[in-house]
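Q: Data file target17.cif (mmCIF, C-alpha atoms) is appended below.
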data_structure
#
loop_
_atom_site.label_atom_id
_atom_site.label_comp_id
_atom_site.auth_asym_id
_atom_site.auth_seq_id
_atom_site.Cartn_x
_atom_site.Cartn_y
_atom_site.Cartn_z
CA MET I 17 -8.62 60.31 -125.05
CA LYS I 18 -8.37 63.84 -123.71
CA THR I 19 -5.75 66.52 -124.27
CA SER I 20 -5.45 69.91 -122.63
CA ASN I 21 -3.48 73.11 -122.37
CA ASP I 22 -5.46 74.40 -119.39
CA LEU I 23 -3.42 74.33 -116.20
CA LYS I 24 -6.58 74.00 -114.11
CA ASP I 25 -7.47 70.66 -115.72
CA VAL I 26 -7.13 67.28 -114.06
CA ILE I 27 -7.56 64.39 -116.49
CA ILE I 28 -8.67 61.06 -115.07
CA THR I 29 -9.26 57.64 -116.53
CA CYS I 30 -10.84 54.96 -114.37
CA ALA I 31 -10.40 51.22 -113.98
CA LEU I 32 -7.90 50.32 -116.65
CA GLY I 33 -7.96 46.51 -116.33
CA SER I 34 -6.04 45.13 -119.31
CA CYS I 35 -6.34 48.49 -121.05
CA ILE I 36 -3.46 50.95 -120.95
CA GLY I 37 -3.40 54.59 -119.95
CA VAL I 38 -0.68 56.64 -121.63
CA ALA I 39 -0.03 60.11 -120.19
CA VAL I 40 2.12 62.70 -121.97
CA TYR I 41 3.14 66.16 -120.80
CA ASP I 42 5.24 68.99 -122.19
CA PRO I 43 6.23 71.15 -119.20
CA VAL I 44 7.36 74.09 -121.36
CA ALA I 45 4.17 74.36 -123.40
CA GLY I 46 1.94 73.28 -120.50
CA VAL I 47 0.27 70.77 -122.78
CA GLY I 48 -0.64 67.21 -121.90
CA GLY I 49 -2.98 64.38 -122.60
CA LEU I 50 -4.20 61.01 -121.46
CA LEU I 51 -5.13 58.10 -123.73
CA HIS I 52 -7.03 55.01 -122.59
CA TYR I 53 -6.75 52.28 -125.22
CA MET I 54 -8.33 48.85 -125.05
CA LEU I 55 -6.67 46.69 -127.71
CA PRO I 56 -3.24 46.43 -129.34
CA ASP I 57 -3.87 46.38 -133.07
CA SER I 58 -6.29 48.32 -135.29
CA ALA I 59 -6.04 45.65 -138.00
CA LEU I 60 -8.75 43.87 -136.00
CA ASP I 61 -11.39 46.31 -137.22
CA GLU I 62 -10.19 49.09 -139.49
CA LYS I 63 -13.58 50.71 -139.88
CA ARG I 64 -13.92 50.94 -136.13
CA ALA I 65 -10.38 52.29 -135.80
CA LYS I 66 -11.31 55.15 -138.16
CA GLU I 67 -14.36 56.06 -136.06
CA ASN I 68 -12.58 55.66 -132.73
CA PRO I 69 -8.78 55.58 -133.12
CA ALA I 70 -8.28 55.83 -129.34
CA MET I 71 -9.51 52.25 -129.00
CA PHE I 72 -6.27 50.74 -130.35
CA ALA I 73 -2.60 51.25 -129.43
CA ASP I 74 -1.34 51.71 -132.99
CA THR I 75 -3.92 54.37 -133.89
CA GLY I 76 -4.43 55.88 -130.42
CA ILE I 77 -0.82 56.63 -129.47
CA PRO I 78 -0.04 58.60 -132.68
CA LEU I 79 -3.32 60.47 -132.25
CA LEU I 80 -2.38 61.42 -128.67
CA PHE I 81 0.97 62.82 -129.77
CA LYS I 82 -0.46 64.64 -132.81
CA SER I 83 -3.23 66.19 -130.72
CA CYS I 84 -0.64 67.49 -128.26
CA TYR I 85 1.54 68.85 -131.08
CA ALA I 86 -1.52 70.74 -132.31
CA LEU I 87 -1.68 72.47 -128.92
CA GLY I 88 1.99 73.44 -129.09
CA ALA I 89 3.77 70.47 -127.50
CA GLN I 90 7.11 69.28 -128.87
CA LYS I 91 8.19 65.68 -129.02
CA LYS I 92 11.65 66.22 -127.53
CA ARG I 93 10.23 67.85 -124.40
CA MET I 94 7.44 65.36 -123.78
CA ILE I 95 7.40 63.24 -120.64
CA VAL I 96 5.70 59.89 -121.26
CA LYS I 97 4.23 57.64 -118.58
CA ALA I 98 2.10 54.53 -118.82
CA ALA I 99 0.00 52.32 -116.58
CA GLY I 100 -2.34 49.33 -116.91
CA GLY I 101 -2.11 46.14 -118.94
CA ALA I 102 -3.19 43.89 -116.08
CA SER I 103 -3.94 40.21 -116.65
CA ILE I 104 -6.16 37.47 -115.34
CA LEU I 105 -4.28 34.98 -113.10
CA GLU I 106 -2.09 32.43 -114.89
CA ASP I 107 -2.68 34.30 -118.05
CA THR I 108 -0.34 32.17 -120.11
CA SER I 109 -2.38 30.82 -122.95
CA PHE I 110 -5.43 32.70 -124.05
CA PHE I 111 -6.58 35.87 -122.40
CA ARG I 112 -3.33 37.72 -122.99
CA ILE I 113 -4.71 41.11 -123.91
CA GLY I 114 -2.90 42.93 -121.07
CA GLN I 115 0.49 41.59 -122.19
CA LYS I 116 -0.27 42.27 -125.85
CA ASN I 117 -1.23 45.85 -124.98
CA ILE I 118 2.08 46.39 -123.15
CA MET I 119 4.12 44.92 -126.02
CA ALA I 120 2.28 46.98 -128.64
CA MET I 121 3.01 50.19 -126.74
CA ARG I 122 6.70 49.39 -126.28
CA LYS I 123 7.05 48.56 -129.96
CA ILE I 124 5.46 51.83 -131.05
CA PHE I 125 7.65 53.89 -128.69
CA TRP I 126 10.79 51.99 -129.72
CA LYS I 127 10.12 52.58 -133.42
CA ASN I 128 9.51 56.29 -132.82
CA ASN I 129 12.45 56.87 -130.46
CA VAL I 130 10.23 57.74 -127.53
CA MET I 131 11.52 56.95 -124.04
CA ILE I 132 9.00 56.01 -121.35
CA THR I 133 9.88 57.99 -118.21
CA SER I 134 8.11 55.59 -115.89
CA GLU I 135 5.52 52.88 -116.11
CA ASP I 136 3.43 50.69 -113.84
CA THR I 137 2.11 47.83 -115.95
CA GLY I 138 1.14 44.17 -115.60
CA GLY I 139 -0.06 42.53 -112.39
CA ASN I 140 -3.62 41.45 -111.66
CA TYR I 141 -5.21 44.65 -110.43
CA ASN I 142 -7.14 47.61 -111.73
CA ARG I 143 -5.63 51.07 -111.88
CA THR I 144 -7.09 54.55 -112.04
CA VAL I 145 -4.82 57.19 -113.58
CA ARG I 146 -4.86 60.92 -112.97
CA LEU I 147 -2.86 63.61 -114.77
CA GLU I 148 -2.61 67.06 -113.19
CA MET I 149 -2.07 69.69 -115.85
CA ALA I 150 -0.71 72.29 -113.41
CA THR I 151 2.27 70.14 -112.47
CA GLY I 152 2.37 67.38 -115.08
CA LYS I 153 2.29 64.91 -112.23
CA MET I 154 0.69 61.56 -112.88
CA PHE I 155 -0.92 59.58 -110.08
CA ILE I 156 -2.11 56.00 -109.90
CA ARG I 157 -4.62 54.41 -107.60
CA THR I 158 -5.02 50.64 -107.46
CA SER I 159 -8.29 49.13 -106.26
CA GLY I 160 -8.84 50.18 -102.68
CA GLY I 161 -5.36 51.65 -102.27
CA PRO I 162 -4.12 55.24 -101.91
CA MET I 163 -3.11 57.61 -104.75
CA LYS I 164 0.57 57.25 -105.60
CA GLY I 165 2.81 59.31 -107.84
CA LEU I 166 4.24 57.63 -110.94
CA MET O 231 -22.81 31.98 -85.23
CA LYS O 232 -20.28 30.85 -87.83
CA ILE O 233 -19.86 32.98 -90.99
CA ILE O 234 -21.16 30.20 -93.23
CA ASP O 235 -24.33 29.86 -91.13
CA ARG O 236 -24.90 33.59 -91.21
CA ILE O 237 -24.53 33.53 -95.00
CA HIS O 238 -27.08 30.70 -95.32
CA LYS O 239 -29.47 32.60 -93.09
CA SER O 240 -29.11 35.72 -95.24
CA ILE O 241 -29.90 33.70 -98.38
CA GLU O 242 -33.12 32.40 -96.81
CA ALA O 243 -34.08 35.97 -95.88
CA ILE O 244 -33.92 37.32 -99.45
CA PRO O 245 -37.43 38.29 -100.62
CA ALA O 246 -39.02 36.12 -103.32
CA PHE O 247 -38.32 37.08 -106.92
CA PRO O 248 -41.09 39.23 -108.50
CA ALA O 249 -43.58 37.03 -110.33
CA THR O 250 -44.48 39.63 -112.98
CA GLY O 251 -42.06 38.36 -115.62
CA GLY O 252 -43.44 34.83 -115.39
CA LYS O 253 -47.03 36.06 -115.55
CA VAL O 254 -46.33 38.22 -118.60
CA ALA O 255 -44.57 35.33 -120.36
CA GLU O 256 -47.60 33.13 -119.67
CA LEU O 257 -50.04 35.72 -121.00
CA LEU O 258 -47.93 36.27 -124.13
CA SER O 259 -47.93 32.54 -124.84
CA GLN O 260 -51.72 32.44 -125.00
CA ALA O 261 -53.56 32.52 -128.30
CA ASP O 262 -54.96 35.97 -127.82
CA TYR O 263 -54.40 38.86 -125.49
CA SER O 264 -54.68 42.62 -125.74
CA LEU O 265 -51.91 45.18 -125.37
CA ALA O 266 -53.87 46.71 -122.50
CA GLN O 267 -53.94 43.37 -120.66
CA VAL O 268 -50.17 42.99 -120.87
CA ALA O 269 -49.60 46.64 -119.94
CA ASN O 270 -51.93 46.33 -116.94
CA LEU O 271 -50.19 43.22 -115.74
CA ILE O 272 -46.84 45.06 -115.72
CA GLU O 273 -48.29 48.21 -114.18
CA ASN O 274 -49.72 46.12 -111.35
CA ASP O 275 -46.13 45.83 -110.17
CA PRO O 276 -45.13 49.41 -109.30
CA SER O 277 -41.63 48.31 -108.25
CA ILE O 278 -40.68 47.74 -111.89
CA THR O 279 -43.07 49.87 -113.97
CA ALA O 280 -40.98 53.04 -114.17
CA ASN O 281 -37.79 51.18 -115.02
CA VAL O 282 -39.43 49.01 -117.68
CA LEU O 283 -40.66 52.20 -119.37
CA LYS O 284 -37.26 53.80 -119.09
CA MET O 285 -35.54 50.77 -120.63
CA ALA O 286 -38.13 50.58 -123.41
CA ASN O 287 -36.40 53.70 -124.74
CA ALA O 288 -33.01 51.99 -125.09
CA PRO O 289 -31.70 51.81 -128.65
CA TYR O 290 -30.36 48.39 -127.55
CA PHE O 291 -33.98 47.17 -127.52
CA GLY O 292 -34.60 48.78 -130.89
CA ALA O 293 -36.22 52.02 -129.73
CA THR O 294 -36.34 54.58 -132.52
CA HIS O 295 -38.70 57.12 -131.00
CA LYS O 296 -39.79 58.18 -127.53
CA ILE O 297 -41.94 55.57 -125.80
CA SER O 298 -44.00 57.01 -122.96
CA THR O 299 -46.79 54.54 -122.19
CA MET O 300 -46.64 50.89 -121.21
CA GLU O 301 -48.90 49.93 -124.12
CA GLU O 302 -46.43 51.47 -126.55
CA ALA O 303 -43.62 49.63 -124.78
CA VAL O 304 -45.41 46.30 -125.19
CA LEU O 305 -46.14 47.07 -128.84
CA TYR O 306 -42.66 48.20 -129.87
CA LEU O 307 -40.37 46.07 -127.73
CA GLY O 308 -41.65 42.70 -128.87
CA ARG O 309 -41.85 39.60 -126.73
CA GLU O 310 -38.17 38.84 -126.09
CA ASN O 311 -37.10 42.39 -125.34
CA LEU O 312 -40.15 43.08 -123.19
CA LEU O 313 -39.42 40.03 -121.04
CA ARG O 314 -35.79 41.03 -120.89
CA ALA O 315 -36.69 44.55 -119.70
CA ILE O 316 -39.01 43.11 -117.02
CA GLN O 317 -36.32 40.66 -115.91
CA THR O 318 -33.71 43.42 -115.76
CA ALA O 319 -35.98 45.71 -113.74
CA GLY O 320 -36.80 42.86 -111.33
CA ILE O 321 -33.18 41.90 -110.79
CA SER O 322 -32.14 45.53 -110.29
CA LEU O 323 -34.32 45.68 -107.16
CA TYR O 324 -31.78 43.47 -105.39
CA TYR O 325 -28.81 45.51 -106.57
CA GLN O 326 -29.97 48.91 -105.27
CA LYS O 327 -27.88 48.60 -102.14
CA GLY O 328 -24.88 47.41 -104.12
CA SER O 329 -22.23 45.26 -102.52
CA PRO O 330 -20.02 47.30 -100.21
CA GLY O 331 -16.91 45.24 -99.65
CA TYR O 332 -16.55 44.48 -103.37
CA PHE O 333 -17.66 47.69 -105.07
CA ASP O 334 -17.31 51.35 -104.15
CA HIS O 335 -20.69 52.16 -105.70
CA ALA O 336 -23.87 50.17 -106.40
CA SER O 337 -23.75 51.62 -109.93
CA ASP O 338 -20.36 49.95 -110.61
CA PHE O 339 -21.74 46.58 -109.51
CA TRP O 340 -24.79 47.04 -111.75
CA LYS O 341 -22.82 48.28 -114.74
CA HIS O 342 -20.56 45.23 -114.53
CA SER O 343 -23.60 42.93 -114.34
CA VAL O 344 -25.33 44.54 -117.34
CA ALA O 345 -22.07 44.50 -119.33
CA VAL O 346 -21.63 40.76 -118.70
CA ALA O 347 -25.25 40.19 -119.76
CA LEU O 348 -24.72 42.14 -123.01
CA MET O 349 -21.43 40.36 -123.68
CA SER O 350 -23.06 36.96 -123.08
CA GLN O 351 -25.46 37.72 -125.94
CA ILE O 352 -22.65 38.80 -128.28
CA LEU O 353 -20.80 35.54 -127.56
CA SER O 354 -23.97 33.47 -127.79
CA LYS O 355 -24.68 34.86 -131.27
CA LYS O 356 -21.13 34.05 -132.30
CA ILE O 357 -21.24 30.51 -130.88
CA THR O 358 -24.82 29.37 -131.48
CA GLY O 359 -26.06 31.91 -134.02
CA ASP O 360 -28.72 33.17 -131.63
CA GLU O 361 -29.35 35.14 -128.46
CA ASN O 362 -30.38 33.23 -125.35
CA ALA O 363 -32.81 34.52 -122.70
CA ALA O 364 -31.75 32.08 -119.95
CA LEU O 365 -28.15 33.02 -120.58
CA TYR O 366 -29.03 36.72 -120.33
CA THR O 367 -30.63 36.15 -116.91
CA ALA O 368 -27.74 34.01 -115.69
CA ALA O 369 -25.19 36.58 -116.85
CA LEU O 370 -27.05 39.48 -115.28
CA LEU O 371 -27.17 37.51 -112.02
CA HIS O 372 -23.68 35.97 -112.16
CA ASP O 373 -22.39 38.01 -109.20
CA VAL O 374 -25.67 38.10 -107.22
CA GLY O 375 -23.92 36.25 -104.38
CA LYS O 376 -21.96 39.43 -103.73
CA ILE O 377 -25.07 41.18 -102.38
CA ILE O 378 -24.67 38.88 -99.37
CA VAL O 379 -20.98 38.04 -99.32
CA GLY O 380 -19.78 41.66 -99.62
CA GLU O 381 -20.24 42.41 -95.93
CA PHE O 382 -18.22 39.34 -94.91
CA VAL O 383 -15.50 39.97 -97.48
CA ARG O 384 -15.08 43.48 -96.10
CA ASN O 385 -14.64 42.15 -92.55
CA GLU O 386 -12.18 39.44 -93.62
CA MET O 387 -10.36 41.46 -96.29
CA LYS O 388 -6.97 41.23 -94.58
CA LYS O 389 -6.97 37.43 -94.64
CA ILE O 390 -8.30 37.29 -98.19
CA SER O 391 -5.74 39.83 -99.46
CA MET O 392 -2.94 37.86 -97.88
CA LEU O 393 -3.97 34.66 -99.66
CA VAL O 394 -4.46 36.50 -102.95
CA SER O 395 -0.99 38.04 -102.65
CA GLN O 396 0.28 34.45 -102.52
CA HIS O 397 -1.27 33.85 -105.97
CA MET O 398 -4.47 32.23 -104.80
CA SER O 399 -7.53 33.22 -106.85
CA PHE O 400 -9.96 35.55 -105.06
CA LEU O 401 -12.64 32.86 -105.37
CA ASP O 402 -10.55 30.21 -103.60
CA ALA O 403 -9.52 32.73 -100.94
CA GLU O 404 -13.20 33.49 -100.23
CA GLU O 405 -13.95 29.82 -99.90
CA LEU O 406 -11.04 29.24 -97.55
CA VAL O 407 -11.77 32.22 -95.31
CA LEU O 408 -15.60 32.36 -95.39
CA GLY O 409 -16.35 28.68 -96.00
CA ILE O 410 -18.16 29.46 -99.27
CA ASN O 411 -17.46 31.62 -102.35
CA HIS O 412 -19.66 34.29 -103.96
CA ALA O 413 -20.42 32.10 -107.00
CA ASP O 414 -21.87 29.29 -104.87
CA VAL O 415 -23.83 31.78 -102.78
CA GLY O 416 -25.24 33.20 -106.03
CA GLY O 417 -26.26 29.71 -107.18
CA LYS O 418 -28.06 29.19 -103.89
CA ILE O 419 -29.90 32.50 -104.25
CA ALA O 420 -31.04 31.43 -107.74
CA GLU O 421 -32.23 28.15 -106.21
CA HIS O 422 -34.07 30.08 -103.47
CA TRP O 423 -35.80 32.02 -106.27
CA THR O 424 -36.59 28.70 -108.04
CA PHE O 425 -34.75 29.63 -111.23
CA PRO O 426 -34.08 26.72 -113.64
CA ILE O 427 -31.15 24.47 -112.77
CA GLU O 428 -29.11 25.57 -115.83
CA ILE O 429 -29.21 29.16 -114.54
CA GLN O 430 -28.23 28.05 -111.02
CA GLU O 431 -25.26 26.16 -112.48
CA ALA O 432 -24.21 29.04 -114.69
CA ILE O 433 -24.01 31.28 -111.62
CA SER O 434 -22.31 28.70 -109.35
CA TYR O 435 -19.68 27.82 -111.96
CA HIS O 436 -19.11 31.20 -113.61
CA HIS O 437 -15.46 31.33 -112.55
CA ARG O 438 -14.74 27.62 -112.99
CA PRO O 439 -16.95 26.18 -115.76
CA ASP O 440 -14.40 23.38 -116.12
CA LEU O 441 -15.47 21.98 -112.74
CA LEU O 442 -19.10 21.42 -113.80
CA GLU O 443 -19.15 17.90 -115.14
CA LYS O 444 -22.01 18.44 -117.56
CA GLU O 445 -21.10 18.81 -121.20
CA ASP O 446 -24.54 20.00 -122.33
CA ASN O 447 -24.85 23.16 -120.24
CA ILE O 448 -22.82 25.76 -122.12
CA LEU O 449 -24.18 28.66 -120.06
CA PRO O 450 -21.44 28.67 -117.38
CA TRP O 451 -18.77 28.77 -120.09
CA ILE O 452 -20.27 31.72 -121.88
CA VAL O 453 -20.90 33.62 -118.64
CA TYR O 454 -17.30 32.87 -117.68
CA MET O 455 -15.91 34.30 -120.93
CA ALA O 456 -18.21 37.33 -120.82
CA ASP O 457 -17.16 38.05 -117.22
CA GLU O 458 -13.48 37.64 -118.08
CA ALA O 459 -13.81 40.08 -120.99
CA CYS O 460 -15.49 42.67 -118.78
CA LEU O 461 -12.83 42.27 -116.08
CA MET O 462 -10.17 42.87 -118.71
CA MET O 463 -12.03 45.92 -119.98
CA GLY O 464 -12.22 47.19 -116.40
CA ILE O 465 -16.00 47.58 -116.55
CA GLY O 466 -17.33 48.12 -113.04
CA SER O 467 -14.12 47.04 -111.39
CA SER O 468 -14.26 45.55 -107.91
CA VAL O 469 -11.85 44.72 -105.13
CA GLU O 470 -11.05 41.37 -106.82
CA GLY O 471 -9.38 43.13 -109.72
CA LEU O 472 -8.33 40.43 -112.19
CA THR O 473 -7.37 37.84 -109.61
CA GLN O 474 -9.46 35.01 -111.01
CA GLN O 475 -8.37 31.77 -112.59
CA THR O 476 -7.88 31.51 -116.35
CA VAL O 477 -9.77 28.53 -117.79
CA GLY O 478 -7.80 28.07 -120.98
CA ALA O 479 -10.14 25.38 -122.30
CA SER O 480 -12.99 27.86 -122.78
CA LEU O 481 -11.94 29.26 -126.16
CA LYS O 482 -11.00 25.82 -127.51
CA LYS O 483 -14.35 24.40 -126.47
CA PHE O 484 -16.12 26.74 -128.90
CA ASN O 485 -13.37 26.97 -131.53
CA LEU O 486 -12.85 30.63 -130.76
CA ARG O 487 -9.62 32.53 -131.20
CA MET O 488 -8.44 35.43 -129.13
CA LYS O 489 -9.27 37.68 -132.11
CA ASP O 490 -12.94 36.67 -131.77
CA MET O 491 -12.79 37.73 -128.15
CA GLU O 492 -11.20 41.07 -129.09
CA ARG O 493 -13.85 41.70 -131.77
CA SER O 494 -16.55 40.92 -129.22
CA MET O 495 -15.02 43.51 -126.90
CA VAL O 496 -15.28 46.14 -129.63
CA MET O 497 -18.94 45.17 -130.16
CA LEU O 498 -19.57 45.38 -126.44
CA SER O 499 -18.36 48.97 -126.30
CA ASP O 500 -21.04 49.79 -128.91
CA ASP O 501 -23.74 47.88 -127.05
CA LEU O 502 -22.88 49.64 -123.80
CA ASN O 503 -23.60 52.93 -125.55
CA SER O 504 -26.97 51.81 -126.86
CA ALA O 505 -27.91 50.24 -123.52
CA ARG O 506 -27.35 53.29 -121.32
CA GLU O 507 -30.99 53.16 -120.19
CA LEU O 508 -30.36 49.70 -118.72
CA ILE O 509 -27.28 50.83 -116.84
CA SER O 510 -28.79 54.05 -115.53
CA ILE O 511 -31.63 52.42 -113.57
CA ILE O 512 -29.15 52.16 -110.68
CA TYR O 513 -27.25 55.35 -110.18
CA SER O 514 -26.04 55.61 -106.60
#
Please go through the file and, once you have read it, give me the structure as structure tokens.

A:
Amino acid sequence: MKTSNDLKDVIITCALGSCIGVAVYDPVAGVGGLLHYMLPDSALDEKRAKENPAMFADTGIPLLFKSCYALGAQKKRMIVKAAGGASILEDTSFFRIGQKNIMAMRKIFWKNNVMITSEDTGGNYNRTVRLEMATGKMFIRTSGGPMKGL
Amino acid sequence: MKIIDRIHKSIEAIPAFPATGGKVAELLSQADYSLAQVANLIENDPSITANVLKMANAPYFGATHKISTMEEAVLYLGRENLLRAIQTAGISLYYQKGSPGYFDHASDFWKHSVAVALMSQILSKKITGDENAALYTAALLHDVGKIIVGEFVRNEMKKISMLVSQHMSFLDAEELVLGINHADVGGKIAEHWTFPIEIQEAISYHHRPDLLEKEDNILPWIVYMADEACLMMGIGSSVEGLTQQTVGASLKKFNLRMKDMERSMVMLSDDLNSARELISIIYS
């Protein structure tokens, strides 16, 4: 996870796979951040979640918001975008981590009255996410494809 | 010449696998040998010496202080880890040029391969209680076919992408368009290098372990699950993305639950940190 209040910064996270990238940005404060979490639920390994909260949705997402508040962001102004959560083909029975990651995120946002401005999740491809601090624009690149705005 | 014939020709042209690992294993199995003998044997192969020394310093292999001579490496690594470092250095020689067509950088291809090897050991410990050297080699080599197939995949990408967009797995699309898939090419390379049959099978069947009608070889299954986990974690992502078949029977076969898989993924992120020296031997 990385947060910033430096307009010159560009924050990038590569190759999301089933992981999810959550980008937040407060245009008034010029504060933003990007979280790359791997798994839905910190109950899996609480010790590990303490050391590295960004690994799980339920510990990482609150940390992202709190870290941005510390830099002056306000919840009501924050734009929230998300990408990732891809799955292996015919991912119906076992390897459902991508789907579980998407559901965990939606649940957390729903409970906390946060609206997702836009999202590009699911599918079977990798995504690279880029957040430009100067504009708050978030871009996505899928394997081999061009950069696209989200 | 047809694509399939060109691929077979390329397999035959791959240089023989370095014999150093086998020679060291033989020496270590004798009743007595000196550290200097083992060190000399490794240093006789300059193509791997520097990388074996570099990897000897990986916390993953138990390094606690700086190791700067081969004799120290032999002393502190112990048999299994020493052979593993030699094997890794030998295999990396074939990955230097990467696999344009699948991966943007050789380092992505290598990182994925090392990650699958590390994950195979985590799963092996969970399933059998122990690590497994043959499994490590098979996992490190699971995508070796891509060193040859990459060029052809790049040329035929339009056709392959079209089939994949119609929900065909990338593996089946390769087979349809090229006449052979990267897993089978990898198995043939392992055969060309005279690796044991269980390693050849693990490579050939790493996407479809359910198609190998041999109950006793569990290697393809573990390589399959390790690969799947690394694809989900996006480690060294390639042009295939996640477009491979799910083999639902794999977890059931070993009485694993998805939670076990998730825990293994957490462990892998630790191992990747302590195995940086293994990943960094290919950096382009």

Q: Can you spell out as a VMD selection string the set of residues that the PyMOL selection byres ((chain I) within 9 of (chain O)) selects in the structure I just provided?

A: chain I and resid 30 to 35 54 to 55 60 to 61 64 71 101 to 114 139 to 143 158 to 160

Q: Could you name the residues that touch Leu307 (chain O) at 8 Å or less, counting only C-alpha atoms, but leaving out those on the same chain fewer than 3 positions away, as a list in words?

A: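 Within the cut-off, the hits are Ala286, Phe291, Gly292, Ala293, Ala303, Val304, Glu310, Asn311 and Leu312 of chain O.
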
Q: Could those residues be written to a file, using C-alpha atoms, as a JSON list (two decimals), keeping the file's coordinate frame?

A:
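Here's the written file out_30.json:
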[["chain", "number", "residue", "atom", "x", "y", "z"],
["O", 286, "ALA", "CA", -38.13, 50.58, -123.41],
["O", 291, "PHE", "CA", -33.98, 47.17, -127.52],
["O", 292, "GLY", "CA", -34.60, 48.78, -130.89],
["O", 293, "ALA", "CA", -36.22, 52.02, -129.73],
["O", 303, "ALA", "CA", -43.62, 49.63, -124.78],
["O", 304, "VAL", "CA", -45.41, 46.30, -125.19],
["O", 310, "GLU", "CA", -38.17, 38.84, -126.09],
["O", 311, "ASN", "CA", -37.10, 42.39, -125.34],
["O", 312, "LEU", "CA", -40.15, 43.08, -123.19]]

Q: Quick one: apply the PyMOL selection byres ((chain O and resi 407) around 12) to the file and drop the selected residues here as number ranges by chain.

A: O: 232-234, 379, 382-394, 398, 400-406, 408-412

Q: What separation in Å, quoted to one decimal, exists between CA of Met300 (chain O) and CA of Asn503 (chain O)?

A: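 So the answer is 23.5 Å.
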
Q: For each of O:Ser434, O:Ser504, O:Thr358, O:Thr318, take the minimum atom-to-atom distance to Phe247 (chain O), counting only C-alpha atoms, then give the residue where this is smallest.

A: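 Of all the options, O:Thr318 lies closest to Phe247 (chain O).
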
Q: Work out how far apart CA of Ser20 (chain I) and CA of Thr133 (chain I) are and give it in Å to one decimal.

A: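 Atom-to-atom, CA of Ser20 (chain I) and CA of Thr133 (chain I) are spaced 19.9 Å apart.
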
Q: Just how far from CA of Pro43 (chain I) is CA of Met121 (chain I), in Å to one decimal?

A: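 One can read the CA of Met121 (chain I) to CA of Pro43 (chain I) distance as 22.5 Å.
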
Q: For the provided coordinates, the residues matched by the PyMOL selection byres ((chain I and resi 24) around 7) should be stated as a CSV table (one decimal) with C-alpha atoms, keeping the file's coordinate frame.

A:
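Result file selection05.csv:
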chain,number,residue,atom,x,y,z
I,22,ASP,CA,-5.5,74.4,-119.4
I,23,LEU,CA,-3.4,74.3,-116.2
I,25,ASP,CA,-7.5,70.7,-115.7
I,26,VAL,CA,-7.1,67.3,-114.1
I,149,MET,CA,-2.1,69.7,-115.8
I,150,ALA,CA,-0.7,72.3,-113.4

Q: Within 12 Å of (-34.9, 29.4, -110.5), only C-alpha atoms: residues as a PyMOL selection string?

A: chain O and resi 246-249+252+364+367-368+371+416-433

Q: Excluding Leu498 (chain O) and its own-chain neighbours fewer than 6 positions away, which residues fall within 8 Å of it when counting only C-alpha atoms? Please give them as a ChimeraX atom specification.

A: /O:345,348-349,352

Q: From the list I:Lys91, I:Lys127, I:Lys164, I:Lys97, which residue is nearest Thr144 (chain I) when using only C-alpha atoms?

A: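 Of the candidates, the smallest distance to Thr144 (chain I) is held by I:Lys164.
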
Q: For region 65-68 of chain I, work out the shell of residues within 12 Å, counting all atoms listed in the file and skipping chain neighbours fewer than 5 positions away, then give it as a list in words.

A: Met17, Leu51, His52, Tyr53, Met54, Leu55, Pro56, Asp57, Ser58, Ala59, Leu60, Ala73, Asp74, Thr75, Gly76 and Leu79 of chain I; Arg493, Val496, Ser499 and Asp500 of chain O

Q: Pick out the residues sitting within 10 Å of Ala45 (chain I), and hand them over as number ranges by chain; count only C-alpha atoms, and ignore anything fewer than 2 positions along from it in its own chain.

A: I: 21, 41-43, 47-48, 84-85, 87-90, 93-94

Q: Edge lengths and centre in Å to one decimal, as lines of an AutoDock Vina configuration file, of the axis-aligned box that encloses all listed atoms of region 302-315 of chain O with 6 Å added on every side?

A:
center_x = -41.1
center_y = 45.2
center_z = -124.8
size_x = 22.6
size_y = 24.6
size_z = 22.2

Q: Export region 402-419 of chain O, C-alpha atoms, as a PDB file, in the first residue's frame; it's the structure right above.

A:
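The result, stored in out_25.pdb:
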ATOM      1  CA  ASP O 402      -5.801 -25.801 -25.892  1.00  0.00           C
ATOM      2  CA  ALA O 403      -5.533 -22.769 -28.176  1.00  0.00           C
ATOM      3  CA  GLU O 404      -1.760 -23.304 -28.465  1.00  0.00           C
ATOM      4  CA  GLU O 405      -2.298 -26.926 -29.328  1.00  0.00           C
ATOM      5  CA  LEU O 406      -4.881 -26.113 -31.965  1.00  0.00           C
ATOM      6  CA  VAL O 407      -2.876 -23.347 -33.621  1.00  0.00           C
ATOM      7  CA  LEU O 408       0.716 -24.611 -33.218  1.00  0.00           C
ATOM      8  CA  GLY O 409       0.053 -28.359 -33.169  1.00  0.00           C
ATOM      9  CA  ILE O 410       1.580 -28.707 -29.679  1.00  0.00           C
ATOM     10  CA  ASN O 411       1.266 -26.842 -26.350  1.00  0.00           C
ATOM     11  CA  HIS O 412       4.025 -25.381 -24.158  1.00  0.00           C
ATOM     12  CA  ALA O 413       3.568 -28.052 -21.472  1.00  0.00           C
ATOM     13  CA  ASP O 414       4.222 -30.909 -23.915  1.00  0.00           C
ATOM     14  CA  VAL O 415       7.183 -29.053 -25.406  1.00  0.00           C
ATOM     15  CA  GLY O 416       8.557 -28.671 -21.864  1.00  0.00           C
ATOM     16  CA  GLY O 417       8.139 -32.401 -21.225  1.00  0.00           C
ATOM     17  CA  LYS O 418      10.072 -33.126 -24.410  1.00  0.00           C
ATOM     18  CA  ILE O 419      12.874 -30.775 -23.365  1.00  0.00           C
TER      19      ILE O 419
END
